[in-house]
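Have a look at the structure below, then the notes.
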Amino acid sequence: MIQVKNLYKSFGQKKVLCGVDLEVKDGETLVIIGGSGAGKSILLKNIVGLMKPDKGNILIDDVDITKVDKSHIYEIQRKIGFLFQEAALFDSLTIEENIAFGIKNLTNLTKEETKTRVSQCLNMVGLSDIEHLKPSALSGGMKKRVGLARAIAYKPKYVCYDEPTTGLDPIMSDVIGSLITYLKKELAITSIVVTHDMQSAYKIADRIVMLYEGKVIFDGTANEVKQTKNTYVKQFVEGLREGPIPVETTFTM
Ligand SMILES: Nc1ncnc2c1ncn2[C@@H]1O[C@H](COP(=O)(O)OP(=O)(O)OP(=O)(O)O)[C@@H](O)[C@H]1O
Ligand SMILES: [Mg+2]
C-alpha cells in the first residue's frame, strides 16, 4: 500500500503541494487528474523517491521513504516502476539497452532471459524489431511506449505512469489503457496514473482524485466523477471555461 500524508513541496515562493493526503491500496488503479501545473508530476516524483518533500510522509508498504537513507531508497525503488512524462530515454543507448537497464540492475535474469523480456515488453506496447534503434529514430508516441515498456520490464509491484497516453493516437491510447488493466488483473500491479485523457481515466480507474491548489479536492469512482456536483471537478472534466477555476487567457471567439 502507498500512503501519502500531509505532503508539502515548494520551489522558492511557489507552493506546489500544500498538504496532499492520498492512499493507494494494493491491486488498485488510482488516477490523478488536475490542471497543467497543478503538481501532478511533482507528486509522482516524490512518491517514487526522485524528489524529497519539504514536509510530510510517504509510506510504501509501511516504510517511510522520506526517512530512509540512500542505500535503502534503491530497495524501495525496485518496487516501483516509473514512466516519465517526457519518456526520458537514454539517447546514447539502444532501445534494448534502455529497457534492459532496470532488468540488469534490479533482477537476476540472464542475458538471454533479459533479451526475451525486452521483446515481450515491447510487444505488450505494440512495438517489435526496434531493439537495435536509438531513441532519436523513434516518433514521440513510440518513445512514450518504450518508456512504458521500461517501467514494467522488471515487474515491479507498483507502477506510476505520468501521462501514459499523451501523444498517442486514439487506438494506441486504448491499447495502453487495456495494458494497464491487464497488468492489474494478471500481475496484480498497483498503479498510479496521471492523465488528462478522461476517456481512458474512466475506463481504467478504481478511483479518481483531483489535485487543485496543492491539495486533493476530490476522491471518488469514475461514476462519482460523472455525477459530481463539485463545481471544480465538473468544470475540469467537462472542459468548461465557465466555473470556479480561473482561465488565464483573454482570448475569446
Ligand atoms: N524543478 C523545479 N523548479 C521550480 N519549479 C518547478 C520545478 N518543477 C516543477 N516546478 C513547478 O511546479 C509546478 C507543478 O509542476 P508539475 O510538473 O508537477 O505540474 P503538472 O501538474 O504535472 O502539469 P502538466 O499537466 O502540465 O504536466 C509548476 O508550476 C512548475 O513550474
Ligand atoms: Mg506533469
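Lettering and numbering for the C-alpha cells are positional, with chains as A, B, ... in the shown order, residues counted from 1 in each chain, and ligands counted from 1 in the shown order.
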
Quick one: everything within 8 Å of range 36-48 of chain A, counting only C-alpha atoms, minus sequence neighbours fewer than 2 positions away in the same chain. Send it as a compact mmCIF listing (two decimals) with N, CA and C atoms, in the first residue's frame.
```txt
# COMPACT_ATOMS: atom_id res chain seq x y z
N VAL A 4 0.32 8.63 1.25
CA VAL A 4 0.93 9.97 1.22
C VAL A 4 0.23 10.77 2.30
N VAL A 16 3.69 24.29 -4.38
CA VAL A 16 3.12 23.35 -5.35
C VAL A 16 2.21 22.33 -4.64
N LEU A 17 2.74 21.63 -3.65
CA LEU A 17 1.92 20.69 -2.87
C LEU A 17 1.73 21.28 -1.48
N ILE A 32 -4.90 10.22 -11.18
CA ILE A 32 -4.79 11.59 -10.67
C ILE A 32 -5.05 12.56 -11.82
N ILE A 33 -6.01 13.46 -11.62
CA ILE A 33 -6.26 14.49 -12.61
C ILE A 33 -6.01 15.86 -11.99
N GLY A 34 -5.92 16.87 -12.83
CA GLY A 34 -5.70 18.24 -12.33
C GLY A 34 -5.10 19.07 -13.44
N LEU A 50 12.30 10.26 -6.28
CA LEU A 50 13.23 11.06 -7.09
C LEU A 50 13.35 12.48 -6.54
N MET A 51 12.43 12.84 -5.66
CA MET A 51 12.43 14.19 -5.10
C MET A 51 12.03 14.10 -3.64
N LYS A 52 12.64 14.96 -2.82
CA LYS A 52 12.28 14.94 -1.39
C LYS A 52 11.25 16.02 -1.10
N PRO A 53 10.22 15.67 -0.33
CA PRO A 53 9.24 16.70 0.03
C PRO A 53 9.83 17.64 1.10
N ILE A 58 5.72 9.68 3.12
CA ILE A 58 5.29 8.78 2.05
C ILE A 58 5.64 7.37 2.49
N GLN A 77 12.80 1.64 -4.49
CA GLN A 77 12.59 1.97 -5.90
C GLN A 77 12.43 0.71 -6.75
N ILE A 80 8.96 0.02 -7.45
CA ILE A 80 8.14 0.98 -8.20
C ILE A 80 8.72 1.28 -9.57
N PHE A 82 8.50 3.57 -13.03
CA PHE A 82 8.06 4.94 -13.28
C PHE A 82 8.16 5.29 -14.75
N GLN A 85 6.95 11.67 -17.74
CA GLN A 85 6.08 12.39 -18.69
C GLN A 85 6.78 12.54 -20.04
N CYS A 160 4.03 3.85 -11.51
CA CYS A 160 3.50 5.20 -11.62
C CYS A 160 3.66 5.66 -13.06
N ASP A 162 3.19 8.74 -15.72
CA ASP A 162 2.91 10.17 -15.90
C ASP A 162 2.46 10.40 -17.34
N VAL A 194 -1.29 9.40 -13.88
CA VAL A 194 -1.63 10.80 -14.10
C VAL A 194 -2.07 10.93 -15.55
N LEU A 211 -6.30 17.01 -8.08
CA LEU A 211 -5.41 17.94 -7.37
C LEU A 211 -5.78 19.36 -7.78
N TYR A 212 -5.93 20.23 -6.79
CA TYR A 212 -6.19 21.64 -7.10
C TYR A 212 -5.62 22.49 -5.98
N GLU A 213 -4.88 23.50 -6.35
CA GLU A 213 -4.22 24.38 -5.38
C GLU A 213 -3.48 23.59 -4.31
N GLY A 214 -2.76 22.57 -4.76
CA GLY A 214 -1.86 21.83 -3.87
C GLY A 214 -2.50 20.81 -2.97
```

*Fewer than 3 positions away in the same chain doesn't count, so skip those; otherwise give me all residues within 12 Å of Ile103 in chain A, counting only C-alpha atoms, as a list in words.*
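Once the nearby chain positions are removed, what remains is Arg78, Gly81, Glu96, Glu97, Asn98, Ile99, Ala100, Leu106, Thr107, Asn108, Leu109, Thr110, Lys111, Glu112, Glu113, Thr114, Lys115, Thr116, Arg117, Val118, Cys121, Ala149, Arg150, Ala151, Ile152, Ala153, Tyr154, Lys155 and Pro156 of chain A.
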
Could you dump the residues just selected with N, CA and C atoms as a PDB file, in the first residue's frame?
```pdb
ATOM      1  N   ARG A  78      13.028  -0.381  -6.303  1.00  0.00           N
ATOM      2  CA  ARG A  78      12.884  -1.663  -7.001  1.00  0.00           C
ATOM      3  C   ARG A  78      11.410  -2.076  -7.086  1.00  0.00           C
ATOM      4  N   GLY A  81       7.948   0.992 -10.616  1.00  0.00           N
ATOM      5  CA  GLY A  81       8.322   1.408 -11.963  1.00  0.00           C
ATOM      6  C   GLY A  81       7.787   2.798 -12.218  1.00  0.00           C
ATOM      7  N   GLU A  96      16.897  -1.569 -26.768  1.00  0.00           N
ATOM      8  CA  GLU A  96      17.100  -2.768 -25.947  1.00  0.00           C
ATOM      9  C   GLU A  96      17.838  -2.421 -24.647  1.00  0.00           C
ATOM     10  N   GLU A  97      18.918  -1.650 -24.783  1.00  0.00           N
ATOM     11  CA  GLU A  97      19.695  -1.277 -23.590  1.00  0.00           C
ATOM     12  C   GLU A  97      18.873  -0.415 -22.628  1.00  0.00           C
ATOM     13  N   ASN A  98      18.043   0.459 -23.191  1.00  0.00           N
ATOM     14  CA  ASN A  98      17.183   1.294 -22.358  1.00  0.00           C
ATOM     15  C   ASN A  98      16.244   0.453 -21.505  1.00  0.00           C
ATOM     16  N   ILE A  99      15.607  -0.530 -22.157  1.00  0.00           N
ATOM     17  CA  ILE A  99      14.616  -1.341 -21.427  1.00  0.00           C
ATOM     18  C   ILE A  99      15.313  -2.327 -20.485  1.00  0.00           C
ATOM     19  N   ALA A 100      16.489  -2.807 -20.919  1.00  0.00           N
ATOM     20  CA  ALA A 100      17.214  -3.800 -20.103  1.00  0.00           C
ATOM     21  C   ALA A 100      17.839  -3.176 -18.853  1.00  0.00           C
ATOM     22  N   LEU A 106      18.079  -4.621 -11.317  1.00  0.00           N
ATOM     23  CA  LEU A 106      17.124  -4.962 -10.258  1.00  0.00           C
ATOM     24  C   LEU A 106      16.662  -6.417 -10.252  1.00  0.00           C
ATOM     25  N   THR A 107      17.116  -7.234 -11.237  1.00  0.00           N
ATOM     26  CA  THR A 107      16.708  -8.648 -11.243  1.00  0.00           C
ATOM     27  C   THR A 107      17.941  -9.532 -11.476  1.00  0.00           C
ATOM     28  N   ASN A 108      17.712 -10.834 -11.402  1.00  0.00           N
ATOM     29  CA  ASN A 108      18.821 -11.769 -11.645  1.00  0.00           C
ATOM     30  C   ASN A 108      18.688 -12.484 -12.981  1.00  0.00           C
ATOM     31  N   LEU A 109      17.952 -11.917 -13.915  1.00  0.00           N
ATOM     32  CA  LEU A 109      17.748 -12.590 -15.209  1.00  0.00           C
ATOM     33  C   LEU A 109      19.069 -12.709 -15.965  1.00  0.00           C
ATOM     34  N   THR A 110      19.197 -13.809 -16.728  1.00  0.00           N
ATOM     35  CA  THR A 110      20.379 -13.992 -17.570  1.00  0.00           C
ATOM     36  C   THR A 110      20.255 -13.088 -18.805  1.00  0.00           C
ATOM     37  N   LYS A 111      21.334 -13.049 -19.594  1.00  0.00           N
ATOM     38  CA  LYS A 111      21.325 -12.224 -20.806  1.00  0.00           C
ATOM     39  C   LYS A 111      20.194 -12.620 -21.749  1.00  0.00           C
ATOM     40  N   GLU A 112      20.073 -13.947 -21.942  1.00  0.00           N
ATOM     41  CA  GLU A 112      19.045 -14.460 -22.856  1.00  0.00           C
ATOM     42  C   GLU A 112      17.649 -14.130 -22.342  1.00  0.00           C
ATOM     43  N   GLU A 113      17.449 -14.362 -21.032  1.00  0.00           N
ATOM     44  CA  GLU A 113      16.138 -14.067 -20.429  1.00  0.00           C
ATOM     45  C   GLU A 113      15.815 -12.576 -20.539  1.00  0.00           C
ATOM     46  N   THR A 114      16.852 -11.763 -20.372  1.00  0.00           N
ATOM     47  CA  THR A 114      16.662 -10.310 -20.467  1.00  0.00           C
ATOM     48  C   THR A 114      16.206  -9.937 -21.874  1.00  0.00           C
ATOM     49  N   LYS A 115      16.881 -10.516 -22.863  1.00  0.00           N
ATOM     50  CA  LYS A 115      16.532 -10.265 -24.266  1.00  0.00           C
ATOM     51  C   LYS A 115      15.061 -10.613 -24.539  1.00  0.00           C
ATOM     52  N   THR A 116      14.665 -11.788 -24.044  1.00  0.00           N
ATOM     53  CA  THR A 116      13.280 -12.234 -24.233  1.00  0.00           C
ATOM     54  C   THR A 116      12.316 -11.282 -23.537  1.00  0.00           C
ATOM     55  N   ARG A 117      12.647 -10.903 -22.292  1.00  0.00           N
ATOM     56  CA  ARG A 117      11.776  -9.998 -21.533  1.00  0.00           C
ATOM     57  C   ARG A 117      11.626  -8.668 -22.264  1.00  0.00           C
ATOM     58  N   VAL A 118      12.732  -8.160 -22.829  1.00  0.00           N
ATOM     59  CA  VAL A 118      12.690  -6.884 -23.547  1.00  0.00           C
ATOM     60  C   VAL A 118      11.717  -6.975 -24.729  1.00  0.00           C
ATOM     61  N   CYS A 121       8.090  -7.154 -23.551  1.00  0.00           N
ATOM     62  CA  CYS A 121       7.566  -5.859 -23.082  1.00  0.00           C
ATOM     63  C   CYS A 121       7.300  -4.924 -24.249  1.00  0.00           C
ATOM     64  N   ALA A 149       7.361   0.399 -21.609  1.00  0.00           N
ATOM     65  CA  ALA A 149       7.945  -0.954 -21.577  1.00  0.00           C
ATOM     66  C   ALA A 149       9.055  -1.000 -20.516  1.00  0.00           C
ATOM     67  N   ARG A 150       9.852   0.067 -20.450  1.00  0.00           N
ATOM     68  CA  ARG A 150      10.946   0.111 -19.457  1.00  0.00           C
ATOM     69  C   ARG A 150      10.395   0.128 -18.029  1.00  0.00           C
ATOM     70  N   ALA A 151       9.273   0.858 -17.826  1.00  0.00           N
ATOM     71  CA  ALA A 151       8.707   0.964 -16.477  1.00  0.00           C
ATOM     72  C   ALA A 151       8.192  -0.374 -15.950  1.00  0.00           C
ATOM     73  N   ILE A 152       7.714  -1.236 -16.855  1.00  0.00           N
ATOM     74  CA  ILE A 152       7.122  -2.503 -16.392  1.00  0.00           C
ATOM     75  C   ILE A 152       8.066  -3.689 -16.539  1.00  0.00           C
ATOM     76  N   ALA A 153       9.248  -3.457 -17.164  1.00  0.00           N
ATOM     77  CA  ALA A 153      10.116  -4.570 -17.567  1.00  0.00           C
ATOM     78  C   ALA A 153      10.595  -5.441 -16.408  1.00  0.00           C
ATOM     79  N   TYR A 154      10.833  -4.862 -15.239  1.00  0.00           N
ATOM     80  CA  TYR A 154      11.340  -5.697 -14.138  1.00  0.00           C
ATOM     81  C   TYR A 154      10.218  -6.133 -13.196  1.00  0.00           C
ATOM     82  N   LYS A 155       8.975  -6.023 -13.705  1.00  0.00           N
ATOM     83  CA  LYS A 155       7.785  -6.461 -12.975  1.00  0.00           C
ATOM     84  C   LYS A 155       7.741  -5.913 -11.552  1.00  0.00           C
ATOM     85  N   PRO A 156       7.711  -4.588 -11.445  1.00  0.00           N
ATOM     86  CA  PRO A 156       7.621  -4.001 -10.114  1.00  0.00           C
ATOM     87  C   PRO A 156       6.220  -4.204  -9.520  1.00  0.00           C
TER      88      PRO A 156
END
```

*All alpha helix (DSSP H) positions in range 36-161 of chain A, as a count of residues only*: 55

*Write out as a PyMOL selection string each polymer residue whose atoms come within 8 Å of range 123-126 of chain A, counting only C-alpha atoms; drop sequence neighbours fewer than 6 positions from it.*
chain A and resi 145-146+148-149+175-176+179

Residues flagged strand (DSSP E or B) by DSSP in range 130-174 of chain A, as a short mmCIF file (atom, residue, chain, number, x, y, z; two decimals) with N, CA and C atoms, in the first residue's frame:
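As a result, part_9.cif now contains:
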```cif
data_model
loop_
_atom_site.label_atom_id
_atom_site.label_comp_id
_atom_site.auth_asym_id
_atom_site.auth_seq_id
_atom_site.Cartn_x
_atom_site.Cartn_y
_atom_site.Cartn_z
N TYR A 158 4.53 -1.84 -7.93
CA TYR A 158 3.77 -0.62 -8.22
C TYR A 158 4.31 0.01 -9.50
N VAL A 159 3.41 0.64 -10.28
CA VAL A 159 3.88 1.42 -11.42
C VAL A 159 3.21 2.79 -11.38
N CYS A 160 4.03 3.85 -11.51
CA CYS A 160 3.50 5.20 -11.62
C CYS A 160 3.66 5.66 -13.06
N TYR A 161 2.58 6.05 -13.68
CA TYR A 161 2.60 6.46 -15.09
C TYR A 161 2.28 7.95 -15.16
N ASP A 162 3.19 8.74 -15.72
CA ASP A 162 2.91 10.17 -15.90
C ASP A 162 2.46 10.40 -17.34
#
```

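Excluding Glu86 in chain A itself and same-chain residues fewer than 2 positions from it, the residues having an atom within 9 Å of it are Leu83, Phe84, Ala88, Leu89, Lys143, Lys144, Gly147, Asp162 and Glu163 of chain A, counting only C-alpha atoms.
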
*asked:* Using only C-alpha atoms, can you tell me which of A:Glu28, A:Glu75, A:Glu131, A:Glu23 comes closest to Leu59 in chain A?
replied: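 Ranking A:Glu28, A:Glu75, A:Glu131, A:Glu23 by distance to Leu59 in chain A, first place goes to A:Glu23.
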
*Considering only C-alpha atoms, return as a list in words whatever protein or nucleic-acid residues lie within 8 Å of Asp54 in chain A, sequence-local ones (same chain, fewer than 6 positions apart) excluded.*
Leu7, Tyr8, Lys9 and Ser10 of chain A

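The smallest atom-to-atom distance between ligand 2 and any of A:Val193, A:Ile73, A:Ala188, A:Val20, using only C-alpha atoms and all ligand atoms, is found for A:Val193.
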
*asked:* I need the residue nearest Leu183 in chain A from this list: A:Ile204, A:Lys67, A:Pro135, A:Asp91. Use only C-alpha atoms for the distance.
replied: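 Of all the options, A:Ile204 lies closest to Leu183 in chain A.
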
*Just the residues within 6 Å of Asn6 in chain A, please, counting only C-alpha atoms, with nothing from its chain fewer than 6 positions along; format it as a list in words.*
Gly19, Val20, Asp21 and Gly56 of chain A

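With distances taken over only C-alpha atoms and all ligand atoms, A:Ala87 is the one residue among A:Ala137, A:Val237, A:Ala87, A:Ile180 lying closest to ligand 2.
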
*Using CA of Gly167 in chain A and atom 24 (P, counted along the ligand's line) of ligand 1 as the two end points, give the distance in Å to one decimal.*
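Calculated distance between CA of Gly167 in chain A and atom 24 (P, counted along the ligand's line) of ligand 1 is 13.4 Å.
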